[in-house]
$ cat entry_28.cif   # mmCIF, C-alpha atoms
data_query
#
loop_
_atom_site.group_PDB
_atom_site.id
_atom_site.type_symbol
_atom_site.label_atom_id
_atom_site.label_comp_id
_atom_site.auth_asym_id
_atom_site.auth_seq_id
_atom_site.Cartn_x
_atom_site.Cartn_y
_atom_site.Cartn_z
ATOM 1 C CA MET A 1112 -93.918 -78.441 -63.904
ATOM 2 C CA LYS A 1113 -92.789 -80.519 -60.923
ATOM 3 C CA ILE A 1114 -91.812 -84.144 -61.497
ATOM 4 C CA LEU A 1115 -92.881 -86.786 -58.961
ATOM 5 C CA VAL A 1116 -90.740 -89.928 -58.878
ATOM 6 C CA SER A 1117 -92.071 -92.893 -56.891
ATOM 7 C CA GLY A 1118 -90.075 -96.105 -56.642
ATOM 8 C CA SER A 1119 -87.226 -97.555 -54.618
ATOM 9 C CA LEU A 1120 -84.314 -96.056 -52.740
ATOM 10 C CA ALA A 1121 -81.498 -98.526 -52.200
ATOM 11 C CA TYR A 1122 -77.842 -99.060 -51.612
ATOM 12 C CA ASP A 1123 -76.412 -101.032 -54.547
ATOM 13 C CA ARG A 1124 -73.672 -103.565 -53.914
ATOM 14 C CA ILE A 1125 -72.246 -104.132 -57.402
ATOM 15 C CA MET A 1126 -69.998 -107.098 -58.160
ATOM 16 C CA ASP A 1127 -68.063 -108.068 -61.296
ATOM 17 C CA PHE A 1128 -67.781 -111.728 -62.262
ATOM 18 C CA PRO A 1129 -64.787 -112.209 -64.612
ATOM 19 C CA GLY A 1130 -66.400 -115.136 -66.479
ATOM 20 C CA ARG A 1131 -69.732 -116.037 -68.042
ATOM 21 C CA PHE A 1132 -72.650 -117.398 -66.057
ATOM 22 C CA LYS A 1133 -73.548 -119.799 -68.873
ATOM 23 C CA ASP A 1134 -70.199 -121.585 -68.500
ATOM 24 C CA HIS A 1135 -71.027 -122.516 -64.909
ATOM 25 C CA ILE A 1136 -74.675 -123.522 -65.165
ATOM 26 C CA LEU A 1137 -75.614 -126.994 -66.409
ATOM 27 C CA PRO A 1138 -79.058 -126.890 -68.069
ATOM 28 C CA GLU A 1139 -79.758 -130.528 -67.216
ATOM 29 C CA LYS A 1140 -79.058 -129.764 -63.525
ATOM 30 C CA ILE A 1141 -81.015 -126.529 -63.298
ATOM 31 C CA HIS A 1142 -83.546 -128.164 -60.958
ATOM 32 C CA VAL A 1143 -80.787 -128.694 -58.358
ATOM 33 C CA LEU A 1144 -78.837 -125.508 -59.004
ATOM 34 C CA SER A 1145 -76.057 -124.776 -56.525
ATOM 35 C CA VAL A 1146 -73.487 -122.320 -57.859
ATOM 36 C CA SER A 1147 -70.899 -120.056 -56.267
ATOM 37 C CA PHE A 1148 -69.312 -117.203 -58.231
ATOM 38 C CA HIS A 1149 -66.007 -115.632 -57.219
ATOM 39 C CA VAL A 1150 -66.178 -111.902 -57.967
ATOM 40 C CA ASN A 1151 -63.375 -109.424 -58.564
ATOM 41 C CA ASN A 1152 -64.811 -106.234 -57.135
ATOM 42 C CA LEU A 1153 -67.477 -105.119 -54.686
ATOM 43 C CA ARG A 1154 -68.631 -101.514 -54.606
ATOM 44 C CA GLU A 1155 -71.428 -99.870 -52.631
ATOM 45 C CA ASN A 1156 -73.285 -97.107 -54.435
ATOM 46 C CA PHE A 1157 -76.445 -95.079 -54.106
ATOM 47 C CA GLY A 1158 -79.233 -96.595 -56.177
ATOM 48 C CA GLY A 1159 -82.850 -97.655 -56.442
ATOM 49 C CA THR A 1160 -85.222 -96.762 -59.250
ATOM 50 C CA ALA A 1161 -86.495 -93.507 -57.718
ATOM 51 C CA GLY A 1162 -83.060 -92.350 -56.624
ATOM 52 C CA ASN A 1163 -81.452 -93.094 -59.981
ATOM 53 C CA ILE A 1164 -84.167 -91.389 -62.022
ATOM 54 C CA ALA A 1165 -84.197 -88.351 -59.733
ATOM 55 C CA TYR A 1166 -80.401 -88.022 -59.853
ATOM 56 C CA ASN A 1167 -80.365 -88.154 -63.655
ATOM 57 C CA LEU A 1168 -83.154 -85.585 -63.793
ATOM 58 C CA SER A 1169 -81.025 -83.305 -61.611
ATOM 59 C CA LEU A 1170 -78.217 -83.532 -64.194
ATOM 60 C CA LEU A 1171 -80.783 -82.355 -66.742
ATOM 61 C CA LYS A 1172 -81.509 -79.316 -64.539
ATOM 62 C CA GLU A 1173 -84.774 -80.581 -63.065
ATOM 63 C CA LYS A 1174 -85.627 -80.660 -59.350
ATOM 64 C CA PRO A 1175 -87.762 -83.789 -58.943
ATOM 65 C CA ILE A 1176 -89.649 -84.818 -55.825
ATOM 66 C CA ILE A 1177 -89.008 -88.357 -54.560
ATOM 67 C CA LEU A 1178 -91.927 -90.335 -53.112
ATOM 68 C CA ALA A 1179 -90.494 -93.375 -51.322
ATOM 69 C CA THR A 1180 -89.516 -94.927 -47.995
ATOM 70 C CA ALA A 1181 -85.943 -95.223 -46.715
ATOM 71 C CA GLY A 1182 -84.372 -96.500 -43.509
ATOM 72 C CA LYS A 1183 -82.376 -95.382 -40.498
ATOM 73 C CA ASP A 1184 -79.103 -95.601 -42.464
ATOM 74 C CA PHE A 1185 -80.290 -93.214 -45.185
ATOM 75 C CA SER A 1186 -78.410 -90.116 -44.007
ATOM 76 C CA PRO A 1187 -75.439 -90.236 -46.476
ATOM 77 C CA TYR A 1188 -77.791 -90.871 -49.400
ATOM 78 C CA ARG A 1189 -80.144 -88.112 -48.241
ATOM 79 C CA ASP A 1190 -77.270 -85.619 -48.168
ATOM 80 C CA TRP A 1191 -76.162 -86.681 -51.668
ATOM 81 C CA LEU A 1192 -79.611 -86.149 -53.171
ATOM 82 C CA ASN A 1193 -80.065 -82.840 -51.359
ATOM 83 C CA GLN A 1194 -76.687 -81.673 -52.644
ATOM 84 C CA HIS A 1195 -77.896 -82.280 -56.204
ATOM 85 C CA GLY A 1196 -81.145 -80.361 -55.848
ATOM 86 C CA VAL A 1197 -83.509 -83.301 -55.467
ATOM 87 C CA ASP A 1198 -86.531 -82.607 -53.244
ATOM 88 C CA ILE A 1199 -86.236 -85.115 -50.381
ATOM 89 C CA SER A 1200 -88.882 -83.572 -48.157
ATOM 90 C CA HIS A 1201 -91.463 -86.280 -48.890
ATOM 91 C CA ILE A 1202 -89.219 -89.303 -48.302
ATOM 92 C CA LYS A 1203 -90.576 -91.355 -45.400
ATOM 93 C CA ILE A 1204 -87.993 -92.688 -42.915
ATOM 94 C CA ASN A 1205 -88.559 -95.729 -40.698
ATOM 95 C CA ASP A 1206 -86.450 -97.844 -38.316
ATOM 96 C CA ASP A 1207 -85.525 -100.577 -40.812
ATOM 97 C CA HIS A 1208 -82.466 -100.527 -43.067
ATOM 98 C CA THR A 1209 -82.687 -98.870 -46.468
ATOM 99 C CA ALA A 1210 -83.325 -101.402 -49.230
ATOM 100 C CA GLY A 1211 -80.290 -103.178 -50.669
ATOM 101 C CA ALA A 1212 -79.605 -104.558 -54.139
ATOM 102 C CA TYR A 1213 -76.836 -107.091 -54.693
ATOM 103 C CA ILE A 1214 -75.987 -107.082 -58.395
ATOM 104 C CA MET A 1215 -73.526 -109.451 -60.085
ATOM 105 C CA THR A 1216 -72.601 -108.845 -63.728
ATOM 106 C CA ASP A 1217 -70.704 -111.257 -65.992
ATOM 107 C CA GLN A 1218 -68.541 -110.538 -69.045
ATOM 108 C CA ASP A 1219 -71.575 -110.708 -71.356
ATOM 109 C CA ASP A 1220 -73.354 -108.056 -69.259
ATOM 110 C CA ASN A 1221 -75.821 -110.648 -67.944
ATOM 111 C CA GLN A 1222 -76.909 -109.887 -64.403
ATOM 112 C CA ILE A 1223 -78.061 -111.792 -61.339
ATOM 113 C CA THR A 1224 -79.651 -109.580 -58.701
ATOM 114 C CA ALA A 1225 -80.829 -110.206 -55.148
ATOM 115 C CA PHE A 1226 -82.933 -107.443 -53.613
ATOM 116 C CA HIS A 1227 -83.784 -106.935 -49.950
ATOM 117 C CA PRO A 1228 -86.614 -104.394 -49.561
ATOM 118 C CA GLY A 1229 -85.883 -103.402 -45.960
ATOM 119 C CA ALA A 1230 -87.596 -100.082 -45.238
ATOM 120 C CA MET A 1231 -89.343 -100.225 -48.611
ATOM 121 C CA LYS A 1232 -91.700 -102.863 -47.225
ATOM 122 C CA GLU A 1233 -93.595 -99.907 -45.753
ATOM 123 C CA ALA A 1234 -95.540 -97.818 -48.273
ATOM 124 C CA SER A 1235 -94.879 -94.072 -48.386
ATOM 125 C CA HIS A 1236 -98.386 -92.948 -49.465
ATOM 126 C CA VAL A 1237 -97.534 -89.255 -49.793
ATOM 127 C CA ASP A 1238 -100.456 -86.821 -50.033
ATOM 128 C CA ILE A 1239 -100.347 -85.938 -53.747
ATOM 129 C CA GLU A 1240 -103.310 -83.584 -53.546
ATOM 130 C CA ALA A 1241 -101.459 -81.449 -50.999
ATOM 131 C CA ILE A 1242 -98.381 -81.270 -53.252
ATOM 132 C CA LYS A 1243 -100.560 -80.298 -56.197
ATOM 133 C CA LYS A 1244 -102.186 -77.482 -54.239
ATOM 134 C CA GLN A 1245 -98.764 -76.212 -53.203
ATOM 135 C CA THR A 1246 -96.839 -76.520 -56.481
ATOM 136 C CA GLY A 1247 -99.404 -76.564 -59.293
ATOM 137 C CA GLY A 1248 -98.635 -78.614 -62.395
ATOM 138 C CA LEU A 1249 -97.317 -82.136 -61.788
ATOM 139 C CA PHE A 1250 -96.015 -85.020 -63.873
ATOM 140 C CA GLY A 1251 -95.457 -88.452 -62.329
ATOM 141 C CA ILE A 1252 -93.581 -91.637 -63.014
ATOM 142 C CA VAL A 1253 -94.598 -94.853 -61.259
ATOM 143 C CA VAL A 1254 -91.657 -97.251 -61.308
ATOM 144 C CA ALA A 1255 -90.873 -100.533 -59.584
ATOM 145 C CA GLY A 1256 -90.913 -100.134 -55.819
ATOM 146 C CA ASN A 1257 -93.348 -100.873 -53.018
ATOM 147 C CA VAL A 1258 -96.337 -102.494 -54.771
ATOM 148 C CA ASP A 1259 -98.914 -100.737 -52.580
ATOM 149 C CA ASP A 1260 -97.260 -97.429 -53.485
ATOM 150 C CA MET A 1261 -97.353 -98.253 -57.194
ATOM 151 C CA LEU A 1262 -101.100 -98.812 -57.104
ATOM 152 C CA TYR A 1263 -101.726 -95.902 -54.738
ATOM 153 C CA TYR A 1264 -99.898 -93.383 -56.917
ATOM 154 C CA ALA A 1265 -101.519 -94.663 -60.120
ATOM 155 C CA LYS A 1266 -104.929 -94.179 -58.479
ATOM 156 C CA GLU A 1267 -104.034 -90.733 -57.162
ATOM 157 C CA TYR A 1268 -102.684 -89.554 -60.513
ATOM 158 C CA GLN A 1269 -105.835 -90.718 -62.230
ATOM 159 C CA ARG A 1270 -108.071 -89.153 -59.582
ATOM 160 C CA LEU A 1271 -106.242 -85.819 -59.775
ATOM 161 C CA SER A 1272 -105.793 -85.875 -63.584
ATOM 162 C CA ILE A 1273 -101.992 -85.890 -63.305
ATOM 163 C CA PRO A 1274 -100.212 -87.352 -66.365
ATOM 164 C CA TYR A 1275 -97.837 -90.202 -65.549
ATOM 165 C CA ILE A 1276 -95.552 -92.900 -66.895
ATOM 166 C CA PHE A 1277 -96.159 -96.485 -65.791
ATOM 167 C CA ASP A 1278 -93.068 -98.701 -65.534
ATOM 168 C CA PRO A 1279 -93.781 -101.832 -63.429
ATOM 169 C CA ALA A 1280 -90.499 -103.592 -64.371
ATOM 170 C CA GLN A 1281 -89.346 -106.097 -61.718
ATOM 171 C CA GLN A 1282 -92.714 -105.989 -59.944
ATOM 172 C CA ILE A 1283 -94.714 -107.354 -62.896
ATOM 173 C CA PRO A 1284 -94.779 -110.891 -61.431
ATOM 174 C CA VAL A 1285 -96.350 -109.729 -58.139
ATOM 175 C CA ILE A 1286 -98.881 -107.240 -59.495
ATOM 176 C CA SER A 1287 -102.233 -108.755 -60.465
ATOM 177 C CA ALA A 1288 -103.407 -108.606 -64.063
ATOM 178 C CA ASP A 1289 -106.331 -106.379 -63.046
ATOM 179 C CA HIS A 1290 -104.058 -103.917 -61.282
ATOM 180 C CA LEU A 1291 -101.684 -103.835 -64.254
ATOM 181 C CA LYS A 1292 -104.619 -103.056 -66.532
ATOM 182 C CA PHE A 1293 -105.838 -100.348 -64.167
ATOM 183 C CA ALA A 1294 -102.443 -98.590 -64.028
ATOM 184 C CA ILE A 1295 -101.977 -98.890 -67.783
ATOM 185 C CA GLN A 1296 -105.338 -97.407 -68.674
ATOM 186 C CA GLY A 1297 -104.597 -94.124 -66.909
ATOM 187 C CA ALA A 1298 -100.985 -93.689 -68.033
ATOM 188 C CA ARG A 1299 -99.683 -91.417 -70.765
ATOM 189 C CA ILE A 1300 -96.737 -93.763 -71.391
ATOM 190 C CA VAL A 1301 -96.103 -97.449 -70.668
ATOM 191 C CA ILE A 1302 -92.435 -98.447 -70.734
ATOM 192 C CA GLY A 1303 -90.353 -101.575 -70.178
ATOM 193 C CA ASN A 1304 -87.547 -103.561 -71.727
ATOM 194 C CA ASP A 1305 -88.350 -106.152 -74.378
ATOM 195 C CA TYR A 1306 -88.762 -108.938 -71.816
ATOM 196 C CA GLU A 1307 -90.902 -106.839 -69.465
ATOM 197 C CA ILE A 1308 -93.264 -105.707 -72.211
ATOM 198 C CA GLY A 1309 -93.675 -109.362 -73.175
ATOM 199 C CA LEU A 1310 -94.529 -110.223 -69.553
ATOM 200 C CA ILE A 1311 -97.112 -107.439 -69.394
ATOM 201 C CA LEU A 1312 -98.791 -108.671 -72.575
ATOM 202 C CA LYS A 1313 -98.789 -112.288 -71.394
ATOM 203 C CA LYS A 1314 -100.086 -111.523 -67.901
ATOM 204 C CA THR A 1315 -102.829 -109.093 -68.951
ATOM 205 C CA GLY A 1316 -103.833 -110.815 -72.187
ATOM 206 C CA LEU A 1317 -103.584 -107.429 -73.900
ATOM 207 C CA THR A 1318 -101.861 -106.718 -77.188
ATOM 208 C CA LYS A 1319 -99.787 -103.623 -77.865
ATOM 209 C CA SER A 1320 -102.691 -102.362 -79.954
ATOM 210 C CA ASP A 1321 -104.972 -102.803 -76.947
ATOM 211 C CA ILE A 1322 -102.588 -100.832 -74.731
ATOM 212 C CA LEU A 1323 -102.253 -98.072 -77.321
ATOM 213 C CA LYS A 1324 -106.011 -97.574 -77.196
ATOM 214 C CA LYS A 1325 -105.603 -96.689 -73.519
ATOM 215 C CA THR A 1326 -102.295 -94.771 -73.541
ATOM 216 C CA GLU A 1327 -100.374 -92.492 -75.905
ATOM 217 C CA LEU A 1328 -97.075 -94.355 -76.125
ATOM 218 C CA VAL A 1329 -95.593 -97.788 -75.559
ATOM 219 C CA ILE A 1330 -91.803 -97.669 -75.284
ATOM 220 C CA THR A 1331 -89.688 -100.805 -75.492
ATOM 221 C CA THR A 1332 -86.000 -100.602 -74.621
ATOM 222 C CA LYS A 1333 -83.759 -103.184 -76.297
ATOM 223 C CA GLY A 1334 -80.264 -102.670 -74.926
ATOM 224 C CA GLU A 1335 -77.679 -102.476 -77.703
ATOM 225 C CA ALA A 1336 -80.497 -102.563 -80.290
ATOM 226 C CA GLY A 1337 -81.795 -99.184 -79.102
ATOM 227 C CA SER A 1338 -85.441 -98.593 -78.298
ATOM 228 C CA LEU A 1339 -88.820 -98.517 -79.990
ATOM 229 C CA ILE A 1340 -91.385 -95.767 -79.416
ATOM 230 C CA GLU A 1341 -94.856 -96.700 -80.634
ATOM 231 C CA THR A 1342 -98.040 -94.724 -81.038
ATOM 232 C CA LYS A 1343 -101.316 -96.192 -82.286
ATOM 233 C CA ASP A 1344 -100.347 -95.071 -85.792
ATOM 234 C CA LYS A 1345 -96.582 -95.353 -86.056
ATOM 235 C CA GLY A 1346 -93.366 -96.732 -84.595
ATOM 236 C CA PHE A 1347 -90.033 -94.943 -84.231
ATOM 237 C CA GLN A 1348 -86.823 -96.962 -83.980
ATOM 238 C CA ILE A 1349 -84.354 -95.066 -81.783
ATOM 239 C CA PRO A 1350 -80.613 -95.805 -82.025
ATOM 240 C CA ILE A 1351 -78.306 -95.965 -79.033
ATOM 241 C CA ALA A 1352 -75.760 -93.287 -78.232
ATOM 242 C CA LYS A 1353 -72.181 -94.524 -78.522
ATOM 243 C CA PRO A 1354 -70.485 -95.191 -75.168
ATOM 244 C CA ARG A 1355 -66.893 -94.022 -74.831
ATOM 245 C CA GLU A 1356 -66.240 -97.110 -72.730
ATOM 246 C CA ILE A 1357 -68.370 -99.770 -71.113
ATOM 247 C CA LYS A 1358 -67.861 -100.494 -67.431
ATOM 248 C CA ASP A 1359 -71.275 -101.577 -66.100
ATOM 249 C CA PRO A 1360 -74.777 -101.467 -67.644
ATOM 250 C CA THR A 1361 -76.523 -101.022 -64.289
ATOM 251 C CA GLY A 1362 -78.616 -97.855 -64.201
ATOM 252 C CA ALA A 1363 -78.903 -97.272 -67.944
ATOM 253 C CA GLY A 1364 -82.641 -97.979 -67.924
ATOM 254 C CA ASP A 1365 -83.319 -95.507 -65.108
ATOM 255 C CA ALA A 1366 -81.252 -92.854 -66.873
ATOM 256 C CA TYR A 1367 -83.226 -93.494 -70.077
ATOM 257 C CA ARG A 1368 -86.434 -92.788 -68.179
ATOM 258 C CA ALA A 1369 -85.056 -89.489 -66.861
ATOM 259 C CA GLY A 1370 -84.167 -88.429 -70.393
ATOM 260 C CA LEU A 1371 -87.596 -89.543 -71.574
ATOM 261 C CA ILE A 1372 -89.321 -87.338 -68.982
ATOM 262 C CA LYS A 1373 -87.106 -84.366 -69.846
ATOM 263 C CA GLY A 1374 -87.862 -84.799 -73.531
ATOM 264 C CA PHE A 1375 -91.574 -85.400 -73.064
ATOM 265 C CA LEU A 1376 -92.024 -82.298 -70.920
ATOM 266 C CA GLY A 1377 -89.904 -80.311 -73.381
ATOM 267 C CA SER A 1378 -92.401 -81.012 -76.179
ATOM 268 C CA TYR A 1379 -89.782 -82.366 -78.581
ATOM 269 C CA SER A 1380 -90.688 -84.682 -81.454
ATOM 270 C CA LEU A 1381 -90.852 -88.364 -80.537
ATOM 271 C CA GLU A 1382 -87.615 -89.068 -82.424
ATOM 272 C CA VAL A 1383 -85.782 -86.354 -80.480
ATOM 273 C CA ILE A 1384 -87.325 -87.521 -77.193
ATOM 274 C CA GLY A 1385 -86.001 -91.010 -77.901
ATOM 275 C CA ARG A 1386 -82.529 -89.803 -78.814
ATOM 276 C CA LEU A 1387 -82.375 -87.556 -75.748
ATOM 277 C CA ALA A 1388 -83.300 -90.557 -73.586
ATOM 278 C CA ALA A 1389 -80.744 -92.744 -75.365
ATOM 279 C CA LEU A 1390 -77.973 -90.225 -74.691
ATOM 280 C CA THR A 1391 -78.939 -89.887 -71.025
ATOM 281 C CA ALA A 1392 -78.802 -93.686 -70.769
ATOM 282 C CA VAL A 1393 -75.239 -93.987 -72.060
ATOM 283 C CA TYR A 1394 -73.576 -92.056 -69.221
ATOM 284 C CA PRO A 1395 -74.000 -94.565 -66.336
ATOM 285 C CA ILE A 1396 -72.690 -97.361 -68.585
ATOM 286 C CA GLU A 1397 -69.313 -95.638 -68.525
ATOM 287 C CA TYR A 1398 -69.019 -95.826 -64.732
ATOM 288 C CA TYR A 1399 -69.271 -98.343 -61.942
ATOM 289 C CA GLY A 1400 -72.409 -97.300 -60.118
ATOM 290 C CA THR A 1401 -75.674 -95.720 -61.155
ATOM 291 C CA GLN A 1402 -75.036 -92.179 -59.876
ATOM 292 C CA GLU A 1403 -71.330 -91.705 -60.571
ATOM 293 C CA GLN A 1404 -71.741 -89.868 -63.892
ATOM 294 C CA SER A 1405 -71.831 -86.094 -64.197
ATOM 295 C CA TYR A 1406 -71.946 -83.580 -67.058
ATOM 296 C CA THR A 1407 -72.783 -79.982 -67.795
ATOM 297 C CA THR A 1408 -75.651 -78.953 -70.037
ATOM 298 C CA GLN A 1409 -73.209 -77.829 -72.724
ATOM 299 C CA GLU A 1410 -71.343 -81.147 -72.577
ATOM 300 C CA PHE A 1411 -74.666 -82.948 -73.032
ATOM 301 C CA ILE A 1412 -75.594 -80.732 -75.994
ATOM 302 C CA ASN A 1413 -72.195 -81.308 -77.620
ATOM 303 C CA ARG A 1414 -72.432 -85.043 -77.195
ATOM 304 C CA TYR A 1415 -75.970 -85.110 -78.597
ATOM 305 C CA LYS A 1416 -74.684 -83.485 -81.782
ATOM 306 C CA GLU A 1417 -71.698 -85.833 -81.856
ATOM 307 C CA ASN A 1418 -74.015 -88.855 -81.782
ATOM 308 C CA PHE A 1419 -77.034 -87.716 -83.774
ATOM 309 C CA HIS A 1420 -75.571 -84.990 -86.021
ATOM 310 C CA GLU A 1421 -78.094 -82.330 -85.100
ATOM 311 C CA ASP A 1422 -78.416 -79.534 -82.559
ATOM 312 C CA ILE A 1423 -80.655 -79.645 -79.522
ATOM 313 C CA LYS A 1424 -81.647 -77.025 -76.961
ATOM 314 C CA ILE A 1425 -82.018 -78.152 -73.344
#
$ encode --input "entry_28.cif" --output "structure tokens"
Amino acid sequence: MKILVSGSLAYDRIMDFPGRFKDHILPEKIHVLSVSFHVNNLRENFGGTAGNIAYNLSLLKEKPIILATAGKDFSPYRDWLNQHGVDISHIKINDDHTAGAYIMTDQDDNQITAFHPGAMKEASHVDIEAIKKQTGGLFGIVVAGNVDDMLYYAKEYQRLSIPYIFDPAQQIPVISADHLKFAIQGARIVIGNDYEIGLILKKTGLTKSDILKKTELVITTKGEAGSLIETKDKGFQIPIAKPREIKDPTGAGDAYRAGLIKGFLGSYSLEVIGRLAALTAVYPIEYYGTQEQSYTTQEFINRYKENFHEDIKI
């Protein structure tokens, strides 16, 4: 089954702040906030939700198809993805610059991010029906990216009976409640971190029980507290995998989603799916950048057993 990944493609500029944001922000002056942070390092890496998920899927021996728009400066990133077996043939290129994320992380792993959409302002609107006719079985994930694309792909997946994951993330504030409800009702899985799930519930007026009447799973990621996979009948608390070192948390959520897709398509139990996703998520934490990690299948299998004390076949 081919995996379709729609979302953003971006160059990440990652910065480390050697202090804590909270020590430099006065709550009583928040209405006139003017703060400058001196950072230690600045690194440029390949990133974006679609790129990160696709790269992690490639490490898990999948060959996903990216549906997104990039800019005139995309060539180095394109070559990187192609080198790792990602299908880049449906990426739309325009004359703007590829989107850019400017991410500053403090010592408590809090983050402040500025994002310039650049080329991503133009929707990609790839012909999904044509891909389906050419490749057969498809599975999609709709993640934060161009809002028109998010709605377009949700509609197309529903129209063509293609199962998909809905993960609106950073775009929750700009998507209408009706459109959120529409995308949710056709999804197999709805996922977000604890804060994002709360925003979805508040904006739509739905409860988790309401969502679970429309979709199979609601997955809530909780950072160091692991994740929660819920069905209409039961919840499964999933532990984290132990990092060997912590350098930067950026990209862990996208890696989790890649592991989730791999597990879901592999027909594992929900507990194993969650643990597989948790292990996939730990790798980018150990590096600066969201696509710096690498491992063999056997290394992944060994580390799964090391963390969860059971064997797994990938």
$ residues_around --input "entry_28.cif" --residues "Arg1131 of chain A" --least-positions-apart "6" --cutoff "10 Å" --atoms "all atoms listed in the file" --output "list of chain:residue names"
A:Phe1148, A:Thr1216, A:Asp1217, A:Gln1218, A:Asp1219, A:Asp1220, A:Asn1221
$ write_last_selection --input "entry_28.cif" --atoms "C-alpha atoms" --output "JSON list (two decimals), keeping the file's coordinate frame"
[["chain", "number", "residue", "atom", "x", "y", "z"],
["A", 1148, "PHE", "CA", -69.31, -117.20, -58.23],
["A", 1216, "THR", "CA", -72.60, -108.84, -63.73],
["A", 1217, "ASP", "CA", -70.70, -111.26, -65.99],
["A", 1218, "GLN", "CA", -68.54, -110.54, -69.04],
["A", 1219, "ASP", "CA", -71.58, -110.71, -71.36],
["A", 1220, "ASP", "CA", -73.35, -108.06, -69.26],
["A", 1221, "ASN", "CA", -75.82, -110.65, -67.94]]
$ residues_around --input "entry_28.cif" --residues "segment 1257-1273 of chain A" --least-positions-apart "4" --cutoff "9 Å" --atoms "only C-alpha atoms" --output "NGL selection string"
:A and (1117-1119 or 1178-1180 or 1228 or 1231-1240 or 1243 or 1248-1253 or 1277 or 1279 or 1282 or 1285-1286 or 1290-1291 or 1293-1295 or 1297-1298)
$ resolve_selection --input "entry_28.cif" --expression "the PyMOL selection byres ((chain A and resi 1387-1389) around 7)" --output "list in words"
Ile1351, Ala1352, Tyr1367, Arg1368, Gly1370, Leu1371, Gly1374, Val1383, Ile1384, Gly1385, Arg1386, Leu1390, Thr1391, Ala1392 and Val1393 of chain A
$ closest_residue --input "entry_28.cif" --among "A:His1201, A:His1208, A:Lys1140, A:His1227" --to "Gly1256 of chain A" --atoms "all atoms listed in the file"
A:His1227
$ resolve_selection --input "entry_28.cif" --expression "the PyMOL selection byres ((chain A and resi 1172) around 10)" --output "list of chain:residue names"
A:Tyr1166, A:Asn1167, A:Leu1168, A:Ser1169, A:Leu1170, A:Leu1171, A:Glu1173, A:Lys1174, A:Pro1175, A:His1195, A:Gly1196, A:Lys1373, A:Thr1407, A:Thr1408, A:Ile1425
$ atom_distance --input "entry_28.cif" --atom1 "atom CA of Phe1128 of chain A" --atom2 "atom CA of Lys1358 of chain A"
12.4 Å
$ axis_aligned_box --input "entry_28.cif" --around "segment 1258-1261 of chain A" --padding-each-side "4 Å" --output "lines of an AutoDock Vina configuration file"
center_x = -97.6
center_y = -100.0
center_z = -54.9
size_x = 10.6
size_y = 13.1
size_z = 12.6
$ closest_residue --input "entry_28.cif" --among "A:Ile1164, A:Val1197, A:Leu1339, A:Ile1214" --to "Asn1152 of chain A" --atoms "only C-alpha atoms"
A:Ile1214
$ atom_distance --input "entry_28.cif" --atom1 "atom CA of Gln1222 of chain A" --atom2 "atom CA of Thr1209 of chain A"
21.8 Å
$ atom_distance --input "entry_28.cif" --atom1 "atom CA of Arg1355 of chain A" --atom2 "atom CA of Ile1372 of chain A"
24.1 Å
$ residues_around --input "entry_28.cif" --residues "segment 1122-1126 of chain A" --least-positions-apart "6" --cutoff "12 Å" --atoms "only C-alpha atoms" --output "JSON, numbers by chain"
{"A": [1148, 1149, 1150, 1151, 1152, 1153, 1154, 1155, 1156, 1157, 1158, 1159, 1160, 1161, 1162, 1163, 1181, 1182, 1184, 1185, 1186, 1187, 1188, 1189, 1208, 1209, 1210, 1211, 1212, 1213, 1214, 1215, 1216, 1217, 1218, 1220, 1221, 1222, 1223, 1224, 1225, 1226, 1227, 1228, 1229, 1230, 1231, 1358, 1359, 1360, 1361, 1362, 1398, 1399, 1400, 1401, 1402]}
$ closest_residue --input "entry_28.cif" --among "A:Ala1165, A:Asp1190, A:Ala1255, A:Gln1409" --to "Ala1366 of chain A" --atoms "all atoms listed in the file"
A:Ala1165
$ residues_around --input "entry_28.cif" --residues "Ser1320 of chain A" --least-positions-apart "2" --cutoff "10 Å" --atoms "all atoms listed in the file" --output "PDB file with C-alpha atoms, in the frame of the given file"
ATOM      1  CA  LEU A1317    -103.584-107.429 -73.900  1.00  0.00           C
ATOM      2  CA  THR A1318    -101.861-106.718 -77.188  1.00  0.00           C
ATOM      3  CA  ILE A1322    -102.588-100.832 -74.731  1.00  0.00           C
ATOM      4  CA  LEU A1323    -102.253 -98.072 -77.321  1.00  0.00           C
ATOM      5  CA  LYS A1324    -106.011 -97.574 -77.196  1.00  0.00           C
ATOM      6  CA  LYS A1325    -105.603 -96.689 -73.519  1.00  0.00           C
ATOM      7  CA  THR A1326    -102.295 -94.771 -73.541  1.00  0.00           C
ATOM      8  CA  VAL A1329     -95.593 -97.788 -75.559  1.00  0.00           C
ATOM      9  CA  GLU A1341     -94.856 -96.700 -80.634  1.00  0.00           C
ATOM     10  CA  THR A1342     -98.040 -94.724 -81.038  1.00  0.00           C
ATOM     11  CA  LYS A1343    -101.316 -96.192 -82.286  1.00  0.00           C
ATOM     12  CA  ASP A1344    -100.347 -95.071 -85.792  1.00  0.00           C
TER      13      ASP A1344
END
$ resolve_selection --input "entry_28.cif" --expression "the PyMOL selection byres ((chain A and resi 1412) around 8)" --output "ChimeraX atom specification"
/A:1408-1411,1413-1416,1422-1425
$ closest_residue --input "entry_28.cif" --among "A:Ile1311, A:Ile1357, A:Val1116, A:Leu1144" --to "Ile1202 of chain A" --atoms "only C-alpha atoms"
A:Val1116
$ closest_residue --input "entry_28.cif" --among "A:Gly1316, A:Gly1309, A:Pro1274, A:Pro1354" --to "Lys1292 of chain A" --atoms "all atoms listed in the file"
A:Gly1316
